[in-house]
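Below is the file start_32.pdb, which contains PDB, C-alpha atoms.
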```pdb
ATOM      1  CA  MET A   4     -68.450  22.900  54.453
ATOM      2  CA  THR A   5     -71.069  21.721  56.904
ATOM      3  CA  GLU A   6     -69.999  24.446  59.329
ATOM      4  CA  MET A   7     -70.630  27.081  56.689
ATOM      5  CA  GLN A   8     -74.027  25.618  55.853
ATOM      6  CA  SER A   9     -75.165  25.482  59.441
ATOM      7  CA  SER A  10     -74.232  29.112  60.094
ATOM      8  CA  SER A  11     -75.856  30.289  56.870
ATOM      9  CA  THR A  12     -79.231  28.710  57.620
ATOM     10  CA  LYS A  13     -79.463  29.775  61.250
ATOM     11  CA  PHE A  14     -81.458  32.874  62.191
ATOM     12  CA  ASN A  15     -84.035  33.915  64.714
ATOM     13  CA  GLY A  16     -86.758  36.345  63.866
ATOM     14  CA  PHE A  17     -88.691  37.293  60.783
ATOM     15  CA  ALA A  18     -87.633  36.940  57.186
ATOM     16  CA  ASP A  19     -88.720  38.544  53.943
ATOM     17  CA  LEU A  20     -87.531  36.398  51.067
ATOM     18  CA  CYS A  21     -89.219  38.374  48.296
ATOM     19  CA  LEU A  22     -87.211  41.580  47.907
ATOM     20  CA  MET A  23     -86.692  42.443  44.255
ATOM     21  CA  SER A  24     -83.757  44.833  44.606
ATOM     22  CA  SER A  25     -80.406  44.500  46.363
ATOM     23  CA  ASP A  26     -80.544  48.205  47.360
ATOM     24  CA  LEU A  27     -83.240  47.415  49.914
ATOM     25  CA  ILE A  28     -81.261  45.007  52.091
ATOM     26  CA  ASP A  29     -80.220  47.551  54.729
ATOM     27  CA  ASP A  30     -83.677  49.139  54.853
ATOM     28  CA  ALA A  31     -85.377  45.765  55.324
ATOM     29  CA  ILE A  32     -82.991  44.770  58.110
ATOM     30  CA  GLU A  33     -83.574  48.149  59.756
ATOM     31  CA  MET A  34     -87.325  47.525  59.598
ATOM     32  CA  GLY A  35     -86.934  44.438  61.778
ATOM     33  CA  PHE A  36     -86.230  41.508  59.489
ATOM     34  CA  ALA A  37     -83.529  39.120  60.650
ATOM     35  CA  ARG A  38     -83.094  37.639  57.209
ATOM     36  CA  VAL A  39     -83.819  38.870  53.704
ATOM     37  CA  GLY A  40     -83.910  37.150  50.360
ATOM     38  CA  VAL A  41     -83.167  39.181  47.253
ATOM     39  CA  LEU A  42     -84.615  37.812  44.032
ATOM     40  CA  LEU A  43     -82.802  39.146  40.994
ATOM     41  CA  LYS A  44     -83.817  38.989  37.355
ATOM     42  CA  VAL A  45     -81.945  36.462  35.208
ATOM     43  CA  ASP A  46     -79.552  38.952  33.595
ATOM     44  CA  GLU A  47     -78.831  40.677  36.940
ATOM     45  CA  PHE A  48     -78.132  37.314  38.562
ATOM     46  CA  GLU A  49     -75.789  36.281  35.748
ATOM     47  CA  SER A  50     -73.876  39.559  35.892
ATOM     48  CA  MET A  51     -73.515  39.428  39.673
ATOM     49  CA  GLU A  52     -70.186  38.099  40.828
ATOM     50  CA  PHE A  53     -70.234  34.924  42.888
ATOM     51  CA  GLU A  54     -67.749  36.474  45.317
ATOM     52  CA  SER A  55     -69.899  39.559  45.871
ATOM     53  CA  MET A  56     -72.835  37.260  46.743
ATOM     54  CA  ARG A  57     -70.742  35.470  49.313
ATOM     55  CA  SER A  58     -69.200  38.630  50.712
ATOM     56  CA  ALA A  59     -72.622  40.203  51.278
ATOM     57  CA  SER A  60     -73.999  40.209  54.790
ATOM     58  CA  ALA A  61     -74.721  36.833  56.416
ATOM     59  CA  ASN A  62     -78.373  37.880  56.705
ATOM     60  CA  VAL A  63     -78.883  37.899  52.961
ATOM     61  CA  ASN A  64     -79.814  35.122  50.558
ATOM     62  CA  PHE A  65     -79.607  35.919  46.880
ATOM     63  CA  GLY A  66     -81.757  34.196  44.353
ATOM     64  CA  ILE A  67     -83.148  34.309  40.897
ATOM     65  CA  LEU A  68     -86.620  35.315  39.772
ATOM     66  CA  ILE A  69     -87.807  33.604  36.613
ATOM     67  CA  GLU A  70     -90.621  35.491  34.937
ATOM     68  CA  THR A  71     -91.746  33.852  31.740
ATOM     69  CA  ASP A  72     -94.925  32.859  29.937
ATOM     70  CA  THR A  73     -93.771  29.520  28.609
ATOM     71  CA  VAL A  74     -92.759  26.323  30.354
ATOM     72  CA  SER A  75     -89.946  25.562  27.891
ATOM     73  CA  GLU A  76     -88.342  28.942  28.521
ATOM     74  CA  MET A  77     -88.516  28.324  32.273
ATOM     75  CA  HIS A  78     -86.845  24.926  31.945
ATOM     76  CA  LYS A  79     -84.199  26.425  29.668
ATOM     77  CA  ILE A  80     -83.306  29.119  32.224
ATOM     78  CA  LEU A  81     -83.266  26.563  35.051
ATOM     79  CA  ARG A  82     -80.954  24.264  33.080
ATOM     80  CA  MET A  83     -78.671  27.134  32.140
ATOM     81  CA  LEU A  84     -78.308  28.556  35.642
ATOM     82  CA  ARG A  85     -78.349  25.343  37.687
ATOM     83  CA  PRO A  86     -74.533  25.195  38.227
ATOM     84  CA  THR A  87     -74.387  28.835  39.405
ATOM     85  CA  ILE A  88     -77.379  28.360  41.673
ATOM     86  CA  MET A  89     -75.947  25.158  43.162
ATOM     87  CA  ARG A  90     -72.595  26.864  43.761
ATOM     88  CA  SER A  91     -74.072  29.963  45.391
ATOM     89  CA  LYS A  92     -76.847  28.012  47.202
ATOM     90  CA  GLY A  93     -79.238  30.618  45.831
ATOM     91  CA  LEU A  94     -83.005  30.630  45.939
ATOM     92  CA  VAL A  95     -84.969  29.931  42.786
ATOM     93  CA  ALA A  96     -88.300  31.708  42.447
ATOM     94  CA  VAL A  97     -90.742  31.477  39.591
ATOM     95  CA  LYS A  98     -93.536  33.952  38.996
ATOM     96  CA  GLY A  99     -96.829  32.153  38.502
ATOM     97  CA  THR A 100     -97.821  34.047  35.396
ATOM     98  CA  ASN A 101    -100.168  31.348  34.128
ATOM     99  CA  PRO A 102    -101.414  27.965  35.372
ATOM    100  CA  LYS A 103     -99.101  25.964  33.079
ATOM    101  CA  VAL A 104     -95.990  27.735  34.328
ATOM    102  CA  SER A 105     -97.181  27.389  37.952
ATOM    103  CA  ARG A 106     -97.742  23.657  37.556
ATOM    104  CA  ALA A 107     -94.397  23.120  35.812
ATOM    105  CA  ALA A 108     -92.588  25.153  38.482
ATOM    106  CA  LEU A 109     -94.125  23.108  41.273
ATOM    107  CA  GLU A 110     -93.141  19.885  39.536
ATOM    108  CA  SER A 111     -89.598  20.761  38.490
ATOM    109  CA  ARG A 112     -86.499  20.067  40.528
ATOM    110  CA  GLY A 113     -84.749  23.018  42.069
ATOM    111  CA  VAL A 114     -87.571  25.551  42.340
ATOM    112  CA  ASP A 115     -87.869  26.870  45.904
ATOM    113  CA  ILE A 116     -90.546  29.561  45.678
ATOM    114  CA  LEU A 117     -93.546  30.092  43.447
ATOM    115  CA  ILE A 118     -94.716  33.691  43.547
ATOM    116  CA  GLU A 119     -98.413  34.511  43.361
ATOM    117  CA  PRO A 120     -99.884  31.571  41.518
ATOM    118  CA  LYS A 121    -103.630  31.244  41.104
ATOM    119  CA  MET A 122    -103.887  28.307  43.480
ATOM    120  CA  ASN A 123    -106.149  25.320  43.192
ATOM    121  CA  HIS A 124    -106.240  21.958  44.963
ATOM    122  CA  VAL A 125    -104.030  20.267  42.358
ATOM    123  CA  LEU A 126    -101.274  22.866  42.698
ATOM    124  CA  ALA A 127    -101.640  22.820  46.489
ATOM    125  CA  ARG A 128    -101.127  19.063  46.639
ATOM    126  CA  THR A 129     -98.106  19.258  44.318
ATOM    127  CA  ALA A 130     -96.603  22.105  46.364
ATOM    128  CA  LYS A 131     -96.952  20.027  49.523
ATOM    129  CA  LYS A 132     -95.475  16.929  47.869
ATOM    130  CA  ASN A 133     -92.445  18.735  46.465
ATOM    131  CA  SER A 134     -92.037  21.237  49.339
ATOM    132  CA  VAL A 135     -92.170  24.283  47.095
ATOM    133  CA  ALA A 136     -93.136  27.434  48.969
ATOM    134  CA  VAL A 137     -95.927  29.618  47.663
ATOM    135  CA  ALA A 138     -95.325  33.327  48.226
ATOM    136  CA  LEU A 139     -97.928  36.072  48.488
ATOM    137  CA  THR A 140     -96.614  39.609  48.103
ATOM    138  CA  SER A 141     -97.947  42.843  49.543
ATOM    139  CA  THR A 142     -96.776  44.843  46.515
ATOM    140  CA  THR A 143     -99.490  43.339  44.332
ATOM    141  CA  LEU A 144    -102.070  44.534  46.832
ATOM    142  CA  LEU A 145    -100.522  48.004  46.833
ATOM    143  CA  ARG A 146    -100.273  48.309  43.070
ATOM    144  CA  THR A 147    -103.832  47.310  42.292
ATOM    145  CA  LYS A 148    -107.072  49.095  43.105
ATOM    146  CA  GLY A 149    -110.802  48.668  42.860
ATOM    147  CA  LEU A 150    -112.199  45.427  41.516
ATOM    148  CA  HIS A 151    -108.755  44.114  40.603
ATOM    149  CA  ARG A 152    -107.586  44.483  44.217
ATOM    150  CA  ALA A 153    -110.706  42.657  45.425
ATOM    151  CA  GLU A 154    -109.842  39.814  43.040
ATOM    152  CA  VAL A 155    -106.280  39.679  44.361
ATOM    153  CA  ILE A 156    -107.533  39.522  47.959
ATOM    154  CA  SER A 157    -109.977  36.801  46.964
ATOM    155  CA  ASP A 158    -107.148  34.781  45.340
ATOM    156  CA  TYR A 159    -104.974  35.219  48.429
ATOM    157  CA  ARG A 160    -107.809  34.080  50.698
ATOM    158  CA  MET A 161    -108.347  31.007  48.536
ATOM    159  CA  CYS A 162    -104.618  30.295  48.776
ATOM    160  CA  ILE A 163    -104.768  30.535  52.570
ATOM    161  CA  LYS A 164    -107.800  28.255  52.665
ATOM    162  CA  LEU A 165    -105.833  25.659  50.649
ATOM    163  CA  TRP A 166    -102.774  26.188  52.870
ATOM    164  CA  ARG A 167    -104.879  25.282  55.917
ATOM    165  CA  LYS A 168    -106.161  22.153  54.184
ATOM    166  CA  PHE A 169    -103.010  20.849  52.461
ATOM    167  CA  GLY A 170    -100.237  22.405  54.566
ATOM    168  CA  PHE A 171     -97.856  23.444  51.796
ATOM    169  CA  PRO A 172     -95.171  26.007  52.765
ATOM    170  CA  LEU A 173     -96.620  29.521  52.549
ATOM    171  CA  LEU A 174     -94.608  32.754  52.571
ATOM    172  CA  LEU A 175     -95.588  36.368  52.988
ATOM    173  CA  GLY A 176     -93.213  38.860  51.410
ATOM    174  CA  SER A 177     -93.081  42.416  50.270
ATOM    175  CA  GLY A 178     -91.991  41.924  46.647
ATOM    176  CA  ALA A 179     -90.646  45.452  46.922
ATOM    177  CA  THR A 180     -88.656  47.115  44.179
ATOM    178  CA  ASN A 181     -88.278  50.418  46.049
ATOM    179  CA  VAL A 182     -88.185  51.532  49.662
ATOM    180  CA  TYR A 183     -91.796  52.769  49.659
ATOM    181  CA  GLU A 184     -93.079  49.253  49.057
ATOM    182  CA  LEU A 185     -91.257  47.730  52.025
ATOM    183  CA  ARG A 186     -93.399  46.716  54.976
ATOM    184  CA  THR A 187     -92.493  45.887  58.581
ATOM    185  CA  PRO A 188     -93.375  42.537  60.201
ATOM    186  CA  GLN A 189     -96.124  44.290  62.183
ATOM    187  CA  GLU A 190     -97.679  45.549  58.969
ATOM    188  CA  PHE A 191     -97.547  42.014  57.601
ATOM    189  CA  GLU A 192     -99.505  40.979  60.669
ATOM    190  CA  SER A 193    -102.179  43.511  59.703
ATOM    191  CA  ILE A 194    -102.176  42.301  56.100
ATOM    192  CA  GLY A 195    -102.498  38.774  57.467
ATOM    193  CA  SER A 196    -105.560  39.710  59.505
ATOM    194  CA  LEU A 197    -107.105  41.143  56.314
ATOM    195  CA  LEU A 198    -106.467  37.755  54.705
ATOM    196  CA  SER A 199    -108.011  35.830  57.639
ATOM    197  CA  LEU A 200    -104.715  34.788  59.227
ATOM    198  CA  ASP A 201    -104.289  35.038  62.972
ATOM    199  CA  ARG A 202    -101.177  36.340  64.726
ATOM    200  CA  HIS A 203     -99.617  32.914  65.328
ATOM    201  CA  GLU A 204    -100.125  31.857  61.737
ATOM    202  CA  VAL A 205     -98.486  35.061  60.476
ATOM    203  CA  ARG A 206     -95.551  34.524  62.814
ATOM    204  CA  GLU A 207     -95.139  30.979  61.544
ATOM    205  CA  ILE A 208     -95.308  32.179  57.936
ATOM    206  CA  LEU A 209     -92.765  34.948  58.561
ATOM    207  CA  SER A 210     -90.264  32.977  60.631
ATOM    208  CA  GLU A 211     -90.544  29.171  60.414
ATOM    209  CA  THR A 212     -91.337  28.692  56.718
ATOM    210  CA  PRO A 213     -88.459  30.931  55.487
ATOM    211  CA  LYS A 214     -86.068  28.877  57.637
ATOM    212  CA  LYS A 215     -87.213  25.693  55.922
ATOM    213  CA  VAL A 216     -86.994  27.293  52.469
ATOM    214  CA  ILE A 217     -83.441  28.512  53.105
ATOM    215  CA  GLN A 218     -82.434  25.136  54.509
ATOM    216  CA  LYS A 219     -83.852  23.384  51.457
ATOM    217  CA  ALA A 220     -81.995  25.762  49.129
ATOM    218  CA  SER A 221     -78.803  25.266  51.099
ATOM    219  CA  ILE A 222     -78.839  21.462  51.295
ATOM    220  CA  GLY A 223     -80.719  20.916  48.055
ATOM    221  CA  ILE A 224     -83.146  18.286  49.369
ATOM    222  CA  SER A 225     -86.308  18.848  51.310
ATOM    223  CA  GLY A 226     -86.484  16.644  54.415
ATOM    224  CA  VAL A 227     -82.816  16.831  55.417
ATOM    225  CA  GLU A 228     -81.976  19.153  58.268
ATOM    226  CA  LEU A 229     -78.708  20.082  59.943
ATOM    227  CA  VAL A 230     -78.565  19.943  63.725
ATOM    228  CA  PRO A 231     -75.600  21.485  65.553
ATOM    229  CA  LYS A 232     -73.368  19.038  67.427
ATOM    230  CA  ASN A 233     -74.036  20.666  70.825
ATOM    231  CA  ARG A 234     -77.839  20.192  70.756
ATOM    232  CA  GLY A 235     -79.741  19.745  74.000
TER
ATOM    233  CA  MET B  11     -66.795  12.028  52.294
ATOM    234  CA  ILE B  12     -70.249  11.854  53.789
ATOM    235  CA  THR B  13     -71.974  15.250  54.099
ATOM    236  CA  PRO B  14     -75.567  16.448  54.682
ATOM    237  CA  ARG B  15     -75.881  17.000  50.922
ATOM    238  CA  ASN B  16     -75.050  13.420  49.984
ATOM    239  CA  ILE B  17     -76.248  11.453  53.015
ATOM    240  CA  VAL B  18     -79.426  10.243  51.305
ATOM    241  CA  HIS B  19     -77.320   8.705  48.512
ATOM    242  CA  HIS B  20     -74.648   7.349  50.828
ATOM    243  CA  GLU B  21     -74.032   4.004  52.495
ATOM    244  CA  LEU B  22     -75.652   4.098  55.945
ATOM    245  CA  ILE B  23     -74.169   0.955  57.474
ATOM    246  CA  GLY B  24     -71.764   1.916  60.235
ATOM    247  CA  LEU B  25     -73.312   5.304  61.013
ATOM    248  CA  LYS B  26     -74.600   6.117  64.496
ATOM    249  CA  VAL B  27     -78.322   6.797  64.386
ATOM    250  CA  GLU B  28     -81.206   7.714  66.636
ATOM    251  CA  VAL B  29     -84.922   7.554  65.886
ATOM    252  CA  VAL B  30     -86.192  11.006  66.865
ATOM    253  CA  SER B  31     -89.780  10.754  65.729
ATOM    254  CA  SER B  32     -92.059   8.083  64.433
ATOM    255  CA  THR B  33     -95.722   7.286  63.962
ATOM    256  CA  ASN B  34     -95.019   4.312  66.246
ATOM    257  CA  PRO B  35     -94.050   5.767  69.660
ATOM    258  CA  TYR B  36     -92.285   2.527  70.681
ATOM    259  CA  LEU B  37     -89.631   3.181  68.040
ATOM    260  CA  VAL B  38     -88.710   6.653  69.286
ATOM    261  CA  GLY B  39     -85.458   6.570  71.215
ATOM    262  CA  ILE B  40     -83.879   3.589  69.477
ATOM    263  CA  LYS B  41     -80.245   4.539  69.257
ATOM    264  CA  GLY B  42     -77.192   2.704  68.021
ATOM    265  CA  LYS B  43     -75.171   1.723  65.010
ATOM    266  CA  VAL B  44     -76.689   0.776  61.659
ATOM    267  CA  VAL B  45     -75.624  -2.802  60.976
ATOM    268  CA  ASP B  46     -77.831  -3.724  58.022
ATOM    269  CA  GLU B  47     -80.253  -2.171  55.587
ATOM    270  CA  THR B  48     -83.047  -3.394  53.342
ATOM    271  CA  ARG B  49     -85.405  -1.462  51.105
ATOM    272  CA  ASN B  50     -87.820  -0.613  53.902
ATOM    273  CA  MET B  51     -85.879  -1.313  57.100
ATOM    274  CA  LEU B  52     -82.795  -0.194  58.956
ATOM    275  CA  VAL B  53     -81.302  -2.699  61.380
ATOM    276  CA  VAL B  54     -79.896  -0.863  64.386
ATOM    277  CA  GLU B  55     -77.693  -2.505  66.985
ATOM    278  CA  MET B  56     -78.706  -1.276  70.424
ATOM    279  CA  ASP B  57     -77.172  -2.740  73.595
ATOM    280  CA  GLY B  58     -76.098  -5.890  71.740
ATOM    281  CA  GLU B  59     -79.582  -6.413  70.351
ATOM    282  CA  GLU B  60     -80.608  -5.868  66.733
ATOM    283  CA  LYS B  61     -83.717  -3.708  66.270
ATOM    284  CA  LYS B  62     -85.484  -3.474  62.924
ATOM    285  CA  VAL B  63     -86.810   0.012  62.266
ATOM    286  CA  PRO B  64     -89.048   0.816  59.286
ATOM    287  CA  LYS B  65     -87.746   3.759  57.292
ATOM    288  CA  ASP B  66     -90.987   5.187  55.995
ATOM    289  CA  CYS B  67     -92.613   6.174  59.280
ATOM    290  CA  CYS B  68     -89.557   7.473  61.135
ATOM    291  CA  THR B  69     -87.283  10.484  61.241
ATOM    292  CA  PHE B  70     -83.644   9.622  61.861
ATOM    293  CA  LEU B  71     -80.828  11.634  63.362
ATOM    294  CA  PHE B  72     -77.490  10.531  61.926
ATOM    295  CA  GLU B  73     -74.205  11.477  63.521
ATOM    296  CA  LEU B  74     -71.568  12.673  61.072
ATOM    297  CA  ASP B  75     -68.013  13.832  61.794
ATOM    298  CA  ASP B  76     -68.865  17.436  62.606
ATOM    299  CA  CYS B  77     -72.642  17.639  62.842
ATOM    300  CA  TYR B  78     -75.910  15.767  63.208
ATOM    301  CA  VAL B  79     -78.280  15.426  60.278
ATOM    302  CA  LYS B  80     -81.979  14.866  60.676
ATOM    303  CA  VAL B  81     -83.356  12.891  57.730
ATOM    304  CA  GLU B  82     -86.964  12.020  57.016
ATOM    305  CA  GLY B  83     -87.083   8.271  56.536
ATOM    306  CA  ARG B  84     -89.254   8.489  53.419
ATOM    307  CA  LEU B  85     -86.174   9.801  51.585
ATOM    308  CA  LEU B  86     -84.290   6.631  52.414
ATOM    309  CA  VAL B  87     -86.903   4.190  51.169
ATOM    310  CA  ALA B  88     -85.054   2.390  48.363
ATOM    311  CA  ARG B  89     -82.541  -0.378  48.098
ATOM    312  CA  PRO B  90     -79.110   1.011  49.063
ATOM    313  CA  GLU B  91     -77.693   0.183  45.653
ATOM    314  CA  ASP B  92     -80.547   2.083  43.964
ATOM    315  CA  ARG B  93     -80.446   5.106  46.270
ATOM    316  CA  ILE B  94     -77.215   6.338  44.745
ATOM    317  CA  SER B  95     -78.932   7.231  41.489
ATOM    318  CA  LYS B  96     -82.301   8.281  42.887
ATOM    319  CA  LYS B  97     -83.333  11.880  42.278
ATOM    320  CA  TYR B  98     -84.696  13.955  45.116
ATOM    321  CA  ARG B  99     -86.517  17.303  45.116
TER
END
```

Can you present the structure in this file as structure tokens?
Amino acid sequence: MTEMQSSSTKFNGFADLCLMSSDLIDDAIEMGFARVGVLLKVDEFESMEFESMRSASANVNFGILIETDTVSEMHKILRMLRPTIMRSKGLVAVKGTNPKVSRAALESRGVDILIEPKMNHVLARTAKKNSVAVALTSTTLLRTKGLHRAEVISDYRMCIKLWRKFGFPLLLGSGATNVYELRTPQEFESIGSLLSLDRHEVREILSETPKKVIQKASIGISGVELVPKNRG
Amino acid sequence: MITPRNIVHHELIGLKVEVVSSTNPYLVGIKGKVVDETRNMLVVEMDGEEKKVPKDCCTFLFELDDCYVKVEGRLLVARPEDRISKKYR
């Protein structure tokens, strides 16, 4: 079992853990990502066979995207799907639709990624404490325009400011539902520079943080790490 | 069977351990077998001498049958009999 875990969490290169469709796996890998995470809606995740998840390429992590307006609904879905998620070592992502859901997601057991919350210092501290990654997606930038886009950029910049102060895990992802919304790692570097991130920070966000998120999802506890027997 | 998933709940006495990082640099490199455990300390036997290592400020590398597991000491801070039922995130 440990052998399987160690091989499934090992990768070198960039990762995009916020794909929203399983049709995009090959395209994302072709674009230069070493690892991709596919977040499926609840019904899609339930209908997907456990075996087909395991038989998919070793570069793919499947997960569930919970998009709800109420905290109780979120807890209900988490409770319902916990056995499947534990068995498949899948990622659990929650969309930060409102501050209450964001806060509950950061405080609940088993959530790995919070997508696009409106961050503040309280959420940032909780994210750091519970090692829940906060993901910013390029699709939101692409789909908005005008004043709304300026607001999104402002929110993202605030999130990055808090990331520098509190050091919670931060992810950059595409959030793509079709091939036109996919972006290469180099384009993420450009998006990062728009959001006041330098090249090294973007590289850390695209390669180191996803490794930690996948490791946490695989082992189930943040702070435990597998080291191969033939180290150093 | 002890695995990376259950190591934080498991009995640690008898496992081979190494301190790989710590806020106290004098503790880094302590390596040996865990011979006793309290809420805040691990007692490690190293070259016939017992060294007391605080859990909270160290990162430990435990040797299991087929792999090494690096564990942040803060996860281990609890009495061993209470750790079994402790919930982790």

(message) For a quick check of understanding, using all atoms listed in the file, which of A:Arg146, A:Lys79, A:Lys103, A:Lys132 has the smallest distance to chain B?
(response)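 Of A:Arg146, A:Lys79, A:Lys103, A:Lys132, the one nearest chain B is A:Lys132, counting all atoms listed in the file.
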
(request) Dump as a list in words the residues of chain A that approach chain B to within 7 Å, counting all atoms listed in the file. (result)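 Filtering chain A at 7 Å from chain B with all atoms listed in the file gives Arg112, Gly113, Asn133, Ile222, Gly223, Ile224, Ser225, Gly226, Val227, Glu228, Leu229, Val230, Pro231 and Lys232 of chain A.
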
If you keep C-alpha atoms, can you produce a file of those selected residues as a CSV table (one decimal), in the frame of the given file?
```csv
chain,number,residue,atom,x,y,z
A,112,ARG,CA,-86.5,20.1,40.5
A,113,GLY,CA,-84.7,23.0,42.1
A,133,ASN,CA,-92.4,18.7,46.5
A,222,ILE,CA,-78.8,21.5,51.3
A,223,GLY,CA,-80.7,20.9,48.1
A,224,ILE,CA,-83.1,18.3,49.4
A,225,SER,CA,-86.3,18.8,51.3
A,226,GLY,CA,-86.5,16.6,54.4
A,227,VAL,CA,-82.8,16.8,55.4
A,228,GLU,CA,-82.0,19.2,58.3
A,229,LEU,CA,-78.7,20.1,59.9
A,230,VAL,CA,-78.6,19.9,63.7
A,231,PRO,CA,-75.6,21.5,65.6
A,232,LYS,CA,-73.4,19.0,67.4
```

(request) Could you give me, as a PyMOL selection string, the residues within 7 Å of Pro64 of chain B, counting only C-alpha atoms and dropping anything in the same chain fewer than 6 positions from it? (result) chain B and resi 50-52

(request) May I have the residues within 12 Å of Arg82 of chain A as a VMD selection string, using only C-alpha atoms and disregarding those fewer than 6 positions away in the same chain? (result) chain A and resid 75 to 76 88 to 89 95 111 to 114

(request) Can you work out which one of A:Ser134, A:Ser25, A:Asn64, A:Ser141 has the shortest atom-to-atom distance to Thr187 of chain A, counting only C-alpha atoms? (result) A:Ser141

Please give the centre and size of the box around segment 180-193 of chain A (axis-aligned, containing every atom listed in the file, 6 Å added per side), with values in Å to one decimal and written as lines of an AutoDock Vina configuration file.
```
center_x = -95.2
center_y = 46.9
center_z = 53.2
size_x = 26.0
size_y = 23.8
size_z = 30.0
```

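This file gives the following result for the PyMOL selection byres ((chain A and resi 33) around 12): A:Leu27, A:Ile28, A:Asp29, A:Asp30, A:Ala31, A:Ile32, A:Met34, A:Gly35, A:Phe36, A:Ala37, A:Arg38, A:Val39, A:Asn62, A:Val182, A:Leu185, A:Arg186, A:Thr187, A:Pro188.
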
(request) Between atom CA of Pro120 of chain A and atom CA of Thr87 of chain A, measure the distance and give it in Å to one decimal. (result)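 It comes out at 25.7 Å.
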
(request) Could you list the residues chosen by the PyMOL selection byres ((chain B and resi 45) around 6) in this structure as an MDAnalysis selection string? (result) chainID B and resid 23 44 46 53:54

(request) Just say which residues the PyMOL selection byres ((chain B and resi 88) around 8) picks in this file, as a list in words. (result)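 Taken over the shown coordinates, the PyMOL selection byres ((chain B and resi 88) around 8) returns Thr48, Arg49, Asn50, Leu86, Val87, Arg89, Pro90, Asp92 and Arg93 of chain B.
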
(request) With a distance cut-off of 7 Å and only C-alpha atoms, select the neighbouring residues of segment 208-219 of chain A, excluding the residue or stretch itself and same-chain residues fewer than 4 positions from it, and output the selection as a list in words. (result)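 In the requested format, the answer is Thr12, Gly16, Phe17, Ala18, Asp115, Pro172, Leu173, Leu174, Leu175, Glu204, Gly223, Ile224 and Ser225 of chain A.
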
(request) Excluding Ser105 of chain A and any residue of its chain fewer than 5 positions from it, enumerate the residues within 10 Å of it, using all atoms listed in the file, and give them as number ranges by chain. (result) A: 72, 74, 97-100, 110, 117-122, 126, 130

(message) Given the point (-86.8, 4.5, 71.0) in the file's coordinates, find the residues that have an atom at most 12 Å from it, counting all atoms listed in the file, and give them as a PyMOL selection string.
(response) chain B and resi 27-42+54+56+61-63+68-70

(request) Grab the atom CA of Ser177 of chain A to atom CA of Arg160 of chain A distance for me, in Å with one decimal place. (result) 16.9 Å

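Distances here use only C-alpha atoms; by that measure, the residue among A:Ile69, A:His203, A:Gly149, A:Gly176 closest to Glu190 of chain A is A:Gly176.
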
(message) Nearest residue to Thr129 of chain A out of A:Arg90, A:Arg202, A:Arg152, A:Arg106, using only C-alpha atoms?
(response)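 Smallest distance to Thr129 of chain A is found for A:Arg106.
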